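A.B. asks: The file below is target11.txt, compact mmCIF, C-alpha atoms:
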```txt
# COMPACT_ATOMS: atom_id res chain seq x y z
CA MET H 1 -153.82 -19.85 51.35
CA LYS H 2 -150.47 -18.98 52.79
CA VAL H 3 -149.00 -15.67 53.89
CA GLU H 4 -145.48 -15.40 55.21
CA VAL H 5 -142.94 -12.83 56.32
CA ARG H 6 -139.55 -14.42 55.75
CA ALA H 7 -136.16 -13.46 57.16
CA THR H 8 -134.23 -15.98 55.05
CA PRO H 9 -133.63 -16.11 51.28
CA LEU H 10 -136.63 -16.63 49.04
CA ALA H 11 -136.39 -18.87 45.94
CA PRO H 12 -139.72 -18.08 44.28
CA TRP H 13 -139.86 -20.85 41.66
CA ARG H 14 -138.88 -23.53 44.15
CA GLU H 15 -141.46 -22.06 46.54
CA LEU H 16 -144.17 -22.36 43.89
CA ALA H 17 -143.21 -25.90 42.94
CA SER H 18 -143.40 -26.96 46.62
CA TYR H 19 -146.68 -25.17 47.17
CA GLU H 20 -148.38 -26.80 44.19
CA GLU H 21 -147.00 -30.17 45.21
CA ALA H 22 -148.56 -29.70 48.65
CA HIS H 23 -151.87 -28.60 47.06
CA PRO H 24 -152.70 -31.23 44.43
CA GLU H 25 -156.30 -29.96 44.39
CA LEU H 26 -155.08 -27.01 42.30
CA ALA H 27 -154.28 -29.31 39.38
CA GLY H 28 -157.37 -29.80 37.26
CA GLY H 29 -159.41 -27.05 38.89
CA ALA H 30 -157.14 -24.05 38.41
CA GLY H 31 -156.93 -23.11 34.77
CA ALA H 32 -154.90 -20.02 35.55
CA ALA H 33 -152.02 -18.99 37.80
CA SER H 34 -150.68 -15.46 37.83
CA VAL H 35 -147.42 -14.83 39.62
CA PHE H 36 -145.42 -11.72 40.38
CA VAL H 37 -141.88 -11.63 41.74
CA GLY H 38 -140.33 -8.33 42.79
CA SER H 39 -136.57 -8.32 43.26
CA MET H 40 -134.00 -5.92 44.58
CA ARG H 41 -132.49 -3.79 41.83
CA ASP H 42 -128.85 -2.68 41.83
CA SER H 43 -129.77 0.96 41.31
CA ASN H 44 -132.45 3.42 42.41
CA ALA H 45 -132.99 7.13 41.71
CA GLY H 46 -129.73 7.18 39.74
CA ASP H 47 -127.59 5.77 42.55
CA SER H 48 -125.94 2.39 42.73
CA VAL H 49 -127.48 0.38 45.58
CA THR H 50 -125.33 -2.29 47.21
CA GLY H 51 -127.71 -3.66 49.82
CA MET H 52 -131.09 -3.27 51.46
CA THR H 53 -132.65 -3.90 54.84
CA LEU H 54 -136.37 -4.51 55.18
CA GLU H 55 -138.14 -3.85 58.47
CA HIS H 56 -141.71 -4.83 59.39
CA TYR H 57 -144.18 -4.61 62.26
CA PRO H 58 -144.33 -8.21 63.54
CA GLY H 59 -147.93 -9.22 64.03
CA MET H 60 -149.51 -6.30 62.21
CA THR H 61 -147.71 -7.01 58.93
CA GLU H 62 -148.90 -10.62 58.78
CA ARG H 63 -152.40 -9.54 59.77
CA GLU H 64 -152.58 -6.94 56.98
CA MET H 65 -151.24 -9.42 54.42
CA LEU H 66 -153.85 -11.97 55.45
CA ARG H 67 -156.63 -9.38 55.30
CA LEU H 68 -155.60 -8.36 51.75
CA CYS H 69 -155.50 -11.98 50.61
CA GLU H 70 -158.91 -12.78 52.08
CA GLU H 71 -160.39 -9.70 50.44
CA ALA H 72 -158.88 -10.61 47.06
CA ARG H 73 -159.99 -14.25 47.38
CA ASP H 74 -163.58 -13.19 47.95
CA ARG H 75 -163.62 -10.40 45.37
CA TRP H 76 -162.27 -12.54 42.52
CA SER H 77 -163.45 -16.01 43.68
CA LEU H 78 -159.84 -17.19 43.76
CA LEU H 79 -158.99 -20.82 44.34
CA ASP H 80 -155.79 -20.12 46.28
CA LEU H 81 -153.16 -17.50 47.12
CA LEU H 82 -149.54 -17.51 48.22
CA VAL H 83 -147.75 -14.37 49.37
CA VAL H 84 -144.22 -14.35 50.77
CA HIS H 85 -142.40 -11.11 51.60
CA ARG H 86 -138.79 -10.81 52.71
CA VAL H 87 -137.49 -8.89 55.70
CA GLY H 88 -133.92 -8.49 56.89
CA ALA H 89 -130.81 -7.99 54.81
CA LEU H 90 -130.98 -8.31 51.02
CA LEU H 91 -128.48 -8.04 48.17
CA PRO H 92 -129.12 -6.87 44.60
CA GLY H 93 -130.96 -9.56 42.65
CA ASP H 94 -132.56 -11.07 45.76
CA PRO H 95 -136.31 -11.63 45.47
CA ILE H 96 -138.24 -9.33 47.83
CA VAL H 97 -141.80 -10.45 47.28
CA LEU H 98 -143.70 -13.32 45.69
CA VAL H 99 -147.42 -13.09 44.94
CA ALA H 100 -149.18 -16.07 43.37
CA VAL H 101 -152.87 -16.40 42.63
CA TRP H 102 -154.76 -19.41 41.30
CA SER H 103 -158.16 -19.13 39.67
CA THR H 104 -160.45 -20.81 37.18
CA HIS H 105 -159.96 -18.18 34.48
CA ARG H 106 -157.11 -15.89 33.55
CA ARG H 107 -158.83 -12.53 33.98
CA GLU H 108 -159.35 -13.05 37.72
CA ALA H 109 -155.79 -14.26 38.22
CA PHE H 110 -154.24 -11.28 36.43
CA GLU H 111 -156.40 -8.68 38.13
CA ALA H 112 -156.03 -10.12 41.61
CA ALA H 113 -152.23 -10.48 41.39
CA ARG H 114 -151.83 -6.91 40.24
CA HIS H 115 -154.22 -5.57 42.84
CA LEU H 116 -152.41 -7.46 45.60
CA MET H 117 -149.05 -6.02 44.55
CA GLU H 118 -150.43 -2.47 44.67
CA GLN H 119 -152.02 -3.09 48.06
CA LEU H 120 -148.87 -4.71 49.44
CA LYS H 121 -146.93 -1.59 48.53
CA SER H 122 -149.45 0.90 49.80
CA THR H 123 -150.90 -0.58 52.98
CA VAL H 124 -148.73 -3.31 54.52
CA PRO H 125 -146.16 -2.22 57.15
CA PHE H 126 -142.78 -2.80 55.50
CA TRP H 127 -139.98 -0.26 55.29
CA LYS H 128 -136.95 -0.38 53.03
CA GLN H 129 -133.58 1.05 53.84
CA GLU H 130 -131.02 1.20 51.04
CA GLN H 131 -127.26 1.03 51.30
CA THR H 132 -125.54 3.30 48.76
CA ASP H 133 -121.97 4.58 48.46
CA ALA H 134 -123.17 7.70 50.29
CA GLY H 135 -124.46 5.60 53.22
CA ARG H 136 -127.80 4.22 54.38
CA ARG H 137 -131.08 5.91 53.49
CA TRP H 138 -134.72 5.08 54.09
CA VAL H 139 -136.78 4.72 50.95
CA GLU H 140 -139.23 7.55 51.24
CA LYS H 141 -142.07 6.87 48.90
CA ASN H 142 -143.64 4.34 46.63
CA THR H 143 -143.71 4.40 42.85
CA PRO H 144 -147.24 4.23 41.48
CA GLY H 145 -147.90 0.99 39.57
CA TYR H 146 -151.05 1.78 37.61
CA MET F 1 -135.73 -14.23 24.77
CA LYS F 2 -137.00 -17.74 24.21
CA VAL F 3 -140.08 -19.05 22.44
CA GLU F 4 -140.84 -22.74 22.27
CA VAL F 5 -143.54 -25.13 21.10
CA ARG F 6 -143.16 -28.24 23.24
CA ALA F 7 -144.52 -31.73 22.67
CA THR F 8 -143.36 -33.03 26.07
CA PRO F 9 -144.56 -32.18 29.60
CA LEU F 10 -143.97 -28.64 30.83
CA ALA F 11 -142.94 -27.98 34.46
CA PRO F 12 -143.29 -24.19 34.59
CA TRP F 13 -141.52 -23.45 37.88
CA ARG F 14 -138.56 -25.66 37.02
CA GLU F 15 -138.49 -24.02 33.59
CA LEU F 16 -138.31 -20.57 35.19
CA ALA F 17 -135.60 -21.58 37.64
CA SER F 18 -133.46 -22.94 34.79
CA TYR F 19 -134.06 -19.91 32.62
CA GLU F 20 -133.04 -17.45 35.33
CA GLU F 21 -130.00 -19.56 36.14
CA ALA F 22 -128.96 -19.39 32.47
CA HIS F 23 -129.57 -15.60 32.43
CA PRO F 24 -127.77 -14.19 35.48
CA GLU F 25 -127.96 -10.72 33.92
CA LEU F 26 -131.63 -10.62 34.99
CA ALA F 27 -130.63 -10.56 38.66
CA GLY F 28 -130.00 -6.99 39.74
CA GLY F 29 -131.49 -5.36 36.66
CA ALA F 30 -134.96 -6.85 36.64
CA GLY F 31 -137.02 -5.51 39.51
CA ALA F 32 -140.15 -7.26 38.28
CA ALA F 33 -141.16 -10.60 36.82
CA SER F 34 -144.73 -11.36 35.86
CA VAL F 35 -145.62 -14.93 35.04
CA PHE F 36 -148.76 -16.62 33.81
CA VAL F 37 -149.38 -20.35 33.68
CA GLY F 38 -152.48 -21.72 31.98
CA SER F 39 -153.35 -25.33 32.71
CA MET F 40 -155.83 -27.86 31.45
CA ARG F 41 -159.01 -27.92 33.49
CA ASP F 42 -160.98 -31.08 34.19
CA SER F 43 -164.22 -29.52 32.95
CA ASN F 44 -165.41 -27.14 30.26
CA ALA F 45 -168.86 -25.88 29.29
CA GLY F 46 -170.39 -28.08 31.98
CA ASP F 47 -168.80 -31.30 30.75
CA SER F 48 -166.10 -33.36 32.35
CA VAL F 49 -162.98 -33.32 30.17
CA THR F 50 -160.62 -36.27 30.42
CA GLY F 51 -157.94 -35.29 27.93
CA MET F 52 -156.91 -32.78 25.32
CA THR F 53 -154.89 -32.73 22.13
CA LEU F 54 -153.25 -29.56 20.90
CA GLU F 55 -152.37 -29.09 17.26
CA HIS F 56 -150.25 -26.31 15.74
CA TYR F 57 -148.89 -25.10 12.40
CA PRO F 58 -145.18 -25.95 12.61
CA GLY F 59 -143.16 -22.98 11.46
CA MET F 60 -145.95 -20.43 11.48
CA THR F 61 -146.79 -20.95 15.14
CA GLU F 62 -143.21 -20.31 16.28
CA ARG F 63 -142.97 -17.32 13.95
CA GLU F 64 -146.15 -15.74 15.33
CA MET F 65 -145.02 -16.33 18.92
CA LEU F 66 -141.67 -14.70 18.19
CA ARG F 67 -143.33 -11.73 16.50
CA LEU F 68 -145.64 -11.19 19.49
CA CYS F 69 -142.70 -11.35 21.89
CA GLU F 70 -140.62 -8.89 19.88
CA GLU F 71 -143.55 -6.47 19.68
CA ALA F 72 -144.14 -6.70 23.44
CA ARG F 73 -140.43 -6.33 24.20
CA ASP F 74 -140.25 -3.10 22.19
CA ARG F 75 -143.58 -1.69 23.36
CA TRP F 76 -142.87 -2.13 27.09
CA SER F 77 -139.04 -1.99 27.05
CA LEU F 78 -138.90 -5.47 28.53
CA LEU F 79 -135.63 -6.99 29.68
CA ASP F 80 -136.53 -10.54 28.69
CA LEU F 81 -139.36 -12.91 27.77
CA LEU F 82 -139.98 -16.63 27.92
CA VAL F 83 -142.98 -18.29 26.27
CA VAL F 84 -143.51 -22.05 26.13
CA HIS F 85 -146.69 -23.58 24.71
CA ARG F 86 -147.59 -27.26 24.75
CA VAL F 87 -148.78 -29.30 21.80
CA GLY F 88 -149.72 -32.98 21.69
CA ALA F 89 -151.64 -34.97 24.28
CA LEU F 90 -152.47 -33.40 27.66
CA LEU F 91 -154.25 -34.56 30.80
CA PRO F 92 -156.25 -32.45 33.27
CA GLY F 93 -153.88 -30.40 35.43
CA ASP F 94 -151.14 -30.34 32.80
CA PRO F 95 -149.72 -26.87 32.12
CA ILE F 96 -150.59 -25.70 28.60
CA VAL F 97 -148.79 -22.39 28.43
CA LEU F 98 -146.13 -20.44 30.33
CA VAL F 99 -145.59 -16.73 29.74
CA ALA F 100 -142.87 -14.92 31.70
CA VAL F 101 -141.83 -11.32 31.36
CA TRP F 102 -138.97 -9.49 33.09
CA SER F 103 -138.82 -5.71 33.35
CA THR F 104 -137.44 -2.92 35.46
CA HIS F 105 -140.80 -1.95 36.96
CA ARG F 106 -143.93 -3.90 37.76
CA ARG F 107 -146.42 -2.03 35.58
CA GLU F 108 -144.67 -3.05 32.36
CA ALA F 109 -144.35 -6.67 33.48
CA PHE F 110 -148.03 -6.98 34.38
CA GLU F 111 -149.31 -5.29 31.24
CA ALA F 112 -147.02 -7.17 28.86
CA ALA F 113 -147.77 -10.60 30.36
CA ARG F 114 -151.49 -10.03 30.13
CA HIS F 115 -151.28 -8.66 26.61
CA LEU F 116 -149.20 -11.63 25.49
CA MET F 117 -151.73 -14.10 26.88
CA GLU F 118 -154.57 -12.40 25.01
CA GLN F 119 -152.54 -12.33 21.79
CA LEU F 120 -151.49 -15.97 22.17
CA LYS F 121 -155.13 -16.95 22.36
CA SER F 122 -156.36 -14.78 19.54
CA THR F 123 -153.63 -14.88 16.90
CA VAL F 124 -151.25 -17.82 17.27
CA PRO F 125 -152.14 -21.02 15.36
CA PHE F 126 -153.01 -23.57 18.04
CA TRP F 127 -156.14 -25.69 18.12
CA LYS F 128 -157.53 -27.63 21.06
CA GLN F 129 -159.48 -30.81 20.83
CA GLU F 130 -161.14 -32.06 24.01
CA GLN F 131 -161.91 -35.63 24.99
CA THR F 132 -165.21 -35.94 26.87
CA ASP F 133 -167.43 -38.89 27.73
CA ALA F 134 -169.38 -38.07 24.57
CA GLY F 135 -166.24 -38.28 22.43
CA ARG F 136 -163.74 -35.86 20.94
CA ARG F 137 -164.69 -32.28 20.05
CA TRP F 138 -162.78 -29.30 18.72
CA VAL F 139 -162.86 -26.27 21.00
CA GLU F 140 -164.71 -23.75 18.90
CA LYS F 141 -164.06 -20.37 20.34
CA ASN F 142 -161.98 -18.44 22.81
CA THR F 143 -163.16 -16.92 26.06
CA PRO F 144 -162.46 -13.19 26.22
CA GLY F 145 -159.95 -12.27 28.89
CA TYR F 146 -160.41 -8.54 29.28
CA MET U 1 -147.45 -22.52 -11.12
CA THR U 2 -147.22 -24.88 -8.18
CA VAL U 3 -148.52 -24.05 -4.70
CA ALA U 4 -148.37 -26.11 -1.51
CA VAL U 5 -151.61 -26.22 0.47
CA LYS U 6 -152.03 -27.15 4.14
CA PHE U 7 -155.17 -27.71 6.19
CA PHE U 8 -155.33 -27.81 9.97
CA ALA U 9 -157.47 -28.97 12.88
CA SER U 10 -161.24 -29.32 12.30
CA LEU U 11 -160.84 -28.17 8.71
CA LYS U 12 -158.37 -30.97 8.06
CA GLU U 13 -160.84 -33.46 9.51
CA GLN U 14 -163.80 -32.11 7.56
CA LEU U 15 -161.85 -32.23 4.30
CA GLY U 16 -160.19 -35.51 5.20
CA CYS U 17 -156.91 -34.04 3.99
CA ASP U 18 -153.69 -32.65 5.53
CA GLY U 19 -152.64 -30.79 2.43
CA ALA U 20 -151.92 -31.01 -1.25
CA THR U 21 -149.76 -29.72 -4.06
CA VAL U 22 -151.86 -27.70 -6.47
CA GLU U 23 -151.17 -26.71 -10.06
CA ILE U 24 -152.87 -23.43 -10.90
CA GLY U 25 -152.65 -20.61 -13.50
CA GLU U 26 -150.08 -17.82 -13.11
CA VAL U 27 -152.53 -15.26 -11.67
CA ALA U 28 -154.28 -16.67 -8.61
CA THR U 29 -155.42 -15.66 -5.14
CA ALA U 30 -155.47 -17.73 -1.95
CA ALA U 31 -159.21 -18.22 -2.52
CA ASP U 32 -158.49 -19.62 -6.00
CA VAL U 33 -156.02 -22.03 -4.44
CA TRP U 34 -158.72 -23.15 -1.96
CA LEU U 35 -161.19 -23.85 -4.78
CA GLN U 36 -158.60 -25.80 -6.73
CA ALA U 37 -157.49 -27.80 -3.69
CA THR U 38 -161.00 -28.65 -2.48
CA GLY U 39 -162.54 -29.36 -5.88
CA GLY U 40 -164.75 -26.27 -5.81
CA LYS U 41 -166.01 -26.24 -2.22
CA SER U 42 -166.94 -22.72 -1.04
CA LEU U 43 -164.51 -21.15 1.42
CA PRO U 44 -166.24 -20.96 4.85
CA PRO U 45 -166.30 -17.34 6.08
CA ASN U 46 -164.48 -18.04 9.36
CA VAL U 47 -161.54 -19.87 7.80
CA LEU U 48 -158.20 -18.11 8.31
CA VAL U 49 -155.62 -17.90 5.54
CA ALA U 50 -151.83 -17.74 5.73
CA VAL U 51 -149.48 -17.31 2.78
CA ASN U 52 -145.95 -18.47 3.51
CA MET U 53 -146.83 -18.67 7.22
CA GLU U 54 -148.10 -15.09 7.46
CA TYR U 55 -151.74 -14.16 7.86
CA ALA U 56 -153.17 -13.01 4.54
CA ASP U 57 -156.46 -12.03 3.00
CA GLN U 58 -158.24 -14.64 0.90
CA ASN U 59 -157.79 -12.26 -2.04
CA ALA U 60 -154.02 -12.06 -1.60
CA ALA U 61 -152.08 -13.04 -4.73
CA VAL U 62 -149.96 -16.17 -4.48
CA GLN U 63 -146.71 -16.87 -6.31
CA ASP U 64 -145.14 -20.01 -7.65
CA GLY U 65 -143.67 -22.02 -4.78
CA ASP U 66 -145.80 -20.40 -2.08
CA GLU U 67 -147.32 -22.31 0.81
CA VAL U 68 -150.93 -21.50 1.57
CA GLY U 69 -152.41 -22.58 4.93
CA PHE U 70 -156.13 -22.74 5.73
CA PHE U 71 -157.37 -23.19 9.27
CA PRO U 72 -160.25 -22.52 11.69
CA PRO U 73 -160.17 -19.79 14.37
CA VAL U 74 -157.31 -20.43 16.77
CA THR U 75 -157.94 -21.71 20.30
CA GLY U 76 -154.57 -21.81 22.07
CA GLY U 77 -153.59 -20.25 25.36
CA ALA U 78 -155.64 -20.69 28.51
CA GLU U 79 -159.15 -19.98 29.80
CA MET D 1 -154.05 3.43 82.30
CA THR D 2 -151.05 1.76 80.66
CA VAL D 3 -150.39 1.75 76.93
CA ALA D 4 -147.59 0.08 74.98
CA VAL D 5 -146.02 2.28 72.29
CA LYS D 6 -143.96 1.13 69.31
CA PHE D 7 -142.00 3.13 66.76
CA PHE D 8 -140.73 1.82 63.43
CA ALA D 9 -138.21 2.50 60.68
CA SER D 10 -137.06 6.12 60.17
CA LEU D 11 -139.32 7.28 63.01
CA LYS D 12 -137.62 4.88 65.39
CA GLU D 13 -134.24 6.24 64.32
CA GLN D 14 -135.27 9.88 64.59
CA LEU D 15 -136.68 9.34 68.07
CA GLY D 16 -133.83 7.01 69.06
CA CYS D 17 -136.44 4.68 70.55
CA ASP D 18 -138.08 1.34 69.66
CA GLY D 19 -140.99 1.82 71.98
CA ALA D 20 -142.11 2.56 75.50
CA THR D 21 -144.70 1.83 78.13
CA VAL D 22 -146.72 4.96 78.80
CA GLU D 23 -148.89 5.84 81.80
CA ILE D 24 -151.70 8.16 80.77
CA GLY D 25 -155.14 9.34 82.01
CA GLU D 26 -158.26 7.24 81.44
CA VAL D 27 -159.47 9.28 78.44
CA ALA D 28 -156.79 9.52 75.79
CA THR D 29 -156.36 9.38 72.02
CA ALA D 30 -153.51 7.92 70.00
CA ALA D 31 -152.22 11.48 69.55
CA ASP D 32 -152.18 11.95 73.34
CA VAL D 33 -150.15 8.76 73.64
CA TRP D 34 -147.68 10.10 71.07
CA LEU D 35 -147.24 13.35 73.03
CA GLN D 36 -146.71 11.47 76.25
CA ALA D 37 -144.27 9.01 74.70
CA THR D 38 -142.19 11.63 72.87
CA GLY D 39 -142.11 14.24 75.63
CA GLY D 40 -144.37 16.65 73.74
CA LYS D 41 -142.99 16.47 70.20
CA SER D 42 -145.59 17.36 67.58
CA LEU D 43 -146.93 14.42 65.58
CA PRO D 44 -145.61 14.70 61.99
CA PRO D 45 -148.54 14.78 59.53
CA ASN D 46 -147.40 11.78 57.48
CA VAL D 47 -146.99 9.44 60.45
CA LEU D 48 -149.33 6.45 60.37
CA VAL D 49 -151.05 5.16 63.49
CA ALA D 50 -152.15 1.65 64.42
CA VAL D 51 -154.06 0.67 67.55
CA ASN D 52 -153.72 -3.00 68.42
CA MET D 53 -152.18 -3.62 64.99
CA GLU D 54 -155.03 -2.07 63.03
CA TYR D 55 -154.79 1.24 61.23
CA ALA D 56 -156.46 3.99 63.26
CA ASP D 57 -156.97 7.72 63.22
CA GLN D 58 -154.72 9.75 65.49
CA ASN D 59 -157.89 10.82 67.31
CA ALA D 60 -158.95 7.25 68.01
CA ALA D 61 -159.53 6.54 71.70
CA VAL D 62 -157.17 4.07 73.30
CA GLN D 63 -157.93 1.69 76.17
CA ASP D 64 -155.88 0.32 79.00
CA GLY D 65 -153.57 -2.39 77.71
CA ASP D 66 -153.68 -1.24 74.09
CA GLU D 67 -150.65 -1.23 71.84
CA VAL D 68 -150.19 1.90 69.73
CA GLY D 69 -147.80 1.82 66.77
CA PHE D 70 -146.42 4.87 64.98
CA PHE D 71 -144.61 4.59 61.68
CA PRO D 72 -143.73 6.40 58.44
CA PRO D 73 -145.44 5.66 55.08
CA VAL D 74 -144.87 2.05 54.10
CA THR D 75 -142.45 1.10 51.32
CA GLY D 76 -142.72 -2.66 50.83
CA GLY D 77 -143.39 -4.60 47.65
CA ALA D 78 -141.49 -3.96 44.45
CA GLU D 79 -140.81 -1.15 42.01
```
Represent the supplied structure as structure tokens.
C.D. replies:
Amino acid sequence: MKVEVRATPLAPWRELASYEEAHPELAGGAGAASVFVGSMRDSNAGDSVTGMTLEHYPGMTEREMLRLCEEARDRWSLLDLLVVHRVGALLPGDPIVLVAVWSTHRREAFEAARHLMEQLKSTVPFWKQEQTDAGRRWVEKNTPGY
Amino acid sequence: MKVEVRATPLAPWRELASYEEAHPELAGGAGAASVFVGSMRDSNAGDSVTGMTLEHYPGMTEREMLRLCEEARDRWSLLDLLVVHRVGALLPGDPIVLVAVWSTHRREAFEAARHLMEQLKSTVPFWKQEQTDAGRRWVEKNTPGY
Amino acid sequence: MTVAVKFFASLKEQLGCDGATVEIGEVATAADVWLQATGGKSLPPNVLVAVNMEYADQNAAVQDGDEVGFFPPVTGGAE
Amino acid sequence: MTVAVKFFASLKEQLGCDGATVEIGEVATAADVWLQATGGKSLPPNVLVAVNMEYADQNAAVQDGDEVGFFPPVTGGAE
């Protein structure tokens, strides 16, 4: 299990290839992997967005991410989890968050990945600030995902 | 949109990296990507499984996969889809199927990817034969995923 | 008329046959094609039928030149 | 007792302050710490509170050496 807050660019597919290479025990045991990648869009609420800055609460953010992953692992008997979330400056198209879940069967993988994404959005201390033509603005609320 | 039946090894993360590289329009527009990878397990129904052979109905299989993808694209307003399914000889740990869905928001991506996996299992002509210590056996039924 | 028949997976093994070309009267269903191709074996209830690579009912009419596929329940995807 | 205070995101900008070290009486809640740190500003209802990096109620008691974080609703993840 790995949880990371990253200030440098995230290449999700390369990240996953490296992680599986480093965890050969997943091959053969894990019948299912469910992955979600959330990326920065070039528009929001009708405005063109040219950049984004993500802030976090160092220490607490990692702790909350780890708590969520441990809860999900136990609830769905997951084999492994990988969660990486960006902070710092992002451009449109840049991946913001990667959630990957490995399990024996597909139902657990799908449900856990989705649950983790909702929890990441609603409970982990991250804050987005968007850069638009009208200036910088803090993103004020989350879009419901269910 | 790409649908493929593949007789050679599938490296899902490399496949996704290449696909996104070839489709730069996804960056910026697609806020969400949901991916599922199903791999061959080294056991099934209590028995150790040492190999698997996947058969398909050339022509019909591709047609059914394409139909499912087009239906999902229209139903969830997806931006893009990639589905690759193995046929031929597989070993434990080998990826069998890759489903990737790109959309503006995460709800659509999650729901479409899960739906596609269920449909792939229940309607597309593929048949698995397992190799166990007791010999070869056809997999007789599907495990429900919902 | 002439109809192409294909068998897949366990059905192919049980019948010992990949497929066949069948000559049959002008009015025939997929089930008639099965009987002709298998020498009168009864069609197992769980066998799936496709006419020209689209799922069809066993009572669907077939035309000259059609391809009729017979196969067991599908088992692709992942656990 | 001494308590470390941290502010984040829009709250940090509004207050013009990352954080502070606050001296306060032996019996104090997170809300008391807020008042002390902000010079008596009222605590906005949507502000979240963490004591030692765990979510807490604004009426939670704080101890000497604790760290109290105040921040707006979180907006991580993806759309």
A.B. asks: Fit chain U to chain D: least squares, all C-alpha atoms, paired in order; write the output as a compact mmCIF listing (two decimals) with C-alpha atoms, in the frame of the given file.
C.D. replies:
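Contents of part-v6.txt, freshly written:
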```txt
# COMPACT_ATOMS: atom_id res chain seq x y z
CA MET U 1 -154.04 3.42 82.28
CA THR U 2 -151.05 1.75 80.68
CA VAL U 3 -150.41 1.73 76.93
CA ALA U 4 -147.60 0.08 74.97
CA VAL U 5 -146.03 2.27 72.28
CA LYS U 6 -143.96 1.12 69.30
CA PHE U 7 -141.99 3.13 66.76
CA PHE U 8 -140.71 1.82 63.45
CA ALA U 9 -138.19 2.50 60.69
CA SER U 10 -137.04 6.12 60.17
CA LEU U 11 -139.29 7.29 62.99
CA LYS U 12 -137.58 4.89 65.38
CA GLU U 13 -134.21 6.24 64.30
CA GLN U 14 -135.24 9.88 64.58
CA LEU U 15 -136.64 9.33 68.07
CA GLY U 16 -133.81 7.01 69.04
CA CYS U 17 -136.40 4.68 70.54
CA ASP U 18 -138.06 1.34 69.66
CA GLY U 19 -140.98 1.83 71.99
CA ALA U 20 -142.09 2.54 75.50
CA THR U 21 -144.69 1.82 78.13
CA VAL U 22 -146.71 4.94 78.83
CA GLU U 23 -148.89 5.82 81.80
CA ILE U 24 -151.69 8.16 80.77
CA GLY U 25 -155.12 9.34 82.04
CA GLU U 26 -158.24 7.24 81.43
CA VAL U 27 -159.49 9.28 78.45
CA ALA U 28 -156.81 9.51 75.78
CA THR U 29 -156.38 9.37 72.02
CA ALA U 30 -153.50 7.91 70.00
CA ALA U 31 -152.23 11.48 69.53
CA ASP U 32 -152.20 11.95 73.32
CA VAL U 33 -150.18 8.76 73.63
CA TRP U 34 -147.68 10.13 71.06
CA LEU U 35 -147.24 13.36 73.03
CA GLN U 36 -146.73 11.47 76.27
CA ALA U 37 -144.28 9.01 74.71
CA THR U 38 -142.20 11.64 72.90
CA GLY U 39 -142.17 14.24 75.66
CA GLY U 40 -144.39 16.67 73.75
CA LYS U 41 -142.99 16.45 70.22
CA SER U 42 -145.60 17.34 67.57
CA LEU U 43 -146.94 14.40 65.57
CA PRO U 44 -145.62 14.70 61.98
CA PRO U 45 -148.54 14.79 59.51
CA ASN U 46 -147.39 11.78 57.47
CA VAL U 47 -146.97 9.43 60.43
CA LEU U 48 -149.32 6.43 60.35
CA VAL U 49 -151.04 5.16 63.48
CA ALA U 50 -152.14 1.65 64.41
CA VAL U 51 -154.05 0.69 67.55
CA ASN U 52 -153.71 -2.98 68.43
CA MET U 53 -152.17 -3.62 65.00
CA GLU U 54 -155.03 -2.05 63.05
CA TYR U 55 -154.79 1.25 61.23
CA ALA U 56 -156.47 3.99 63.25
CA ASP U 57 -156.96 7.72 63.21
CA GLN U 58 -154.73 9.78 65.49
CA ASN U 59 -157.92 10.83 67.29
CA ALA U 60 -158.97 7.24 67.99
CA ALA U 61 -159.54 6.53 71.69
CA VAL U 62 -157.17 4.06 73.31
CA GLN U 63 -157.95 1.69 76.17
CA ASP U 64 -155.90 0.33 79.01
CA GLY U 65 -153.58 -2.39 77.72
CA ASP U 66 -153.68 -1.25 74.09
CA GLU U 67 -150.65 -1.23 71.82
CA VAL U 68 -150.20 1.89 69.75
CA GLY U 69 -147.80 1.81 66.77
CA PHE U 70 -146.42 4.88 64.99
CA PHE U 71 -144.60 4.60 61.69
CA PRO U 72 -143.71 6.40 58.43
CA PRO U 73 -145.42 5.68 55.09
CA VAL U 74 -144.87 2.06 54.11
CA THR U 75 -142.46 1.11 51.32
CA GLY U 76 -142.73 -2.66 50.85
CA GLY U 77 -143.43 -4.59 47.68
CA ALA U 78 -141.52 -3.98 44.47
CA GLU U 79 -140.85 -1.17 42.00
```
A.B. asks: Set up a box along x, y and z of the file covering all listed atoms of segment 78-84 of chain H, add 5 Å on every one of the six sides, and write the centre and edge lengths in Å to one decimal, as lines of an AutoDock Vina configuration file.
C.D. replies:
```
center_x = -152.0
center_y = -17.6
center_z = 47.3
size_x = 25.6
size_y = 16.5
size_z = 17.0
```
A.B. asks: As JSON, numbers by chain, could you give me every residue of chain U near chain H (at most 12 Å apart, counting all atoms listed in the file)?
C.D. replies: {"U": [77, 78, 79]}
A.B. asks: Keeping only C-alpha atoms, write the selected residues as a PDB file, keeping the file's coordinate frame.
C.D. replies:
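What ended up in again-v9.pdb:
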```
ATOM      1  CA  GLY U  77    -153.590 -20.250  25.360  1.00  0.00           C
ATOM      2  CA  ALA U  78    -155.640 -20.690  28.510  1.00  0.00           C
ATOM      3  CA  GLU U  79    -159.150 -19.980  29.800  1.00  0.00           C
TER       4      GLU U  79
END
```
A.B. asks: Go through H:Phe110, H:Trp13, H:Tyr57, H:Phe36 and flag the residue nearest Ala72 of chain H, using all atoms listed in the file for the distances.
C.D. replies: H:Phe110
A.B. asks: Residues of chain F within 9 Å of chain H, counting all atoms listed in the file - could you list those as a ChimeraX atom specification?
C.D. replies: /F:11-17,26-43,91-95,104-110,113-114,117,144-146
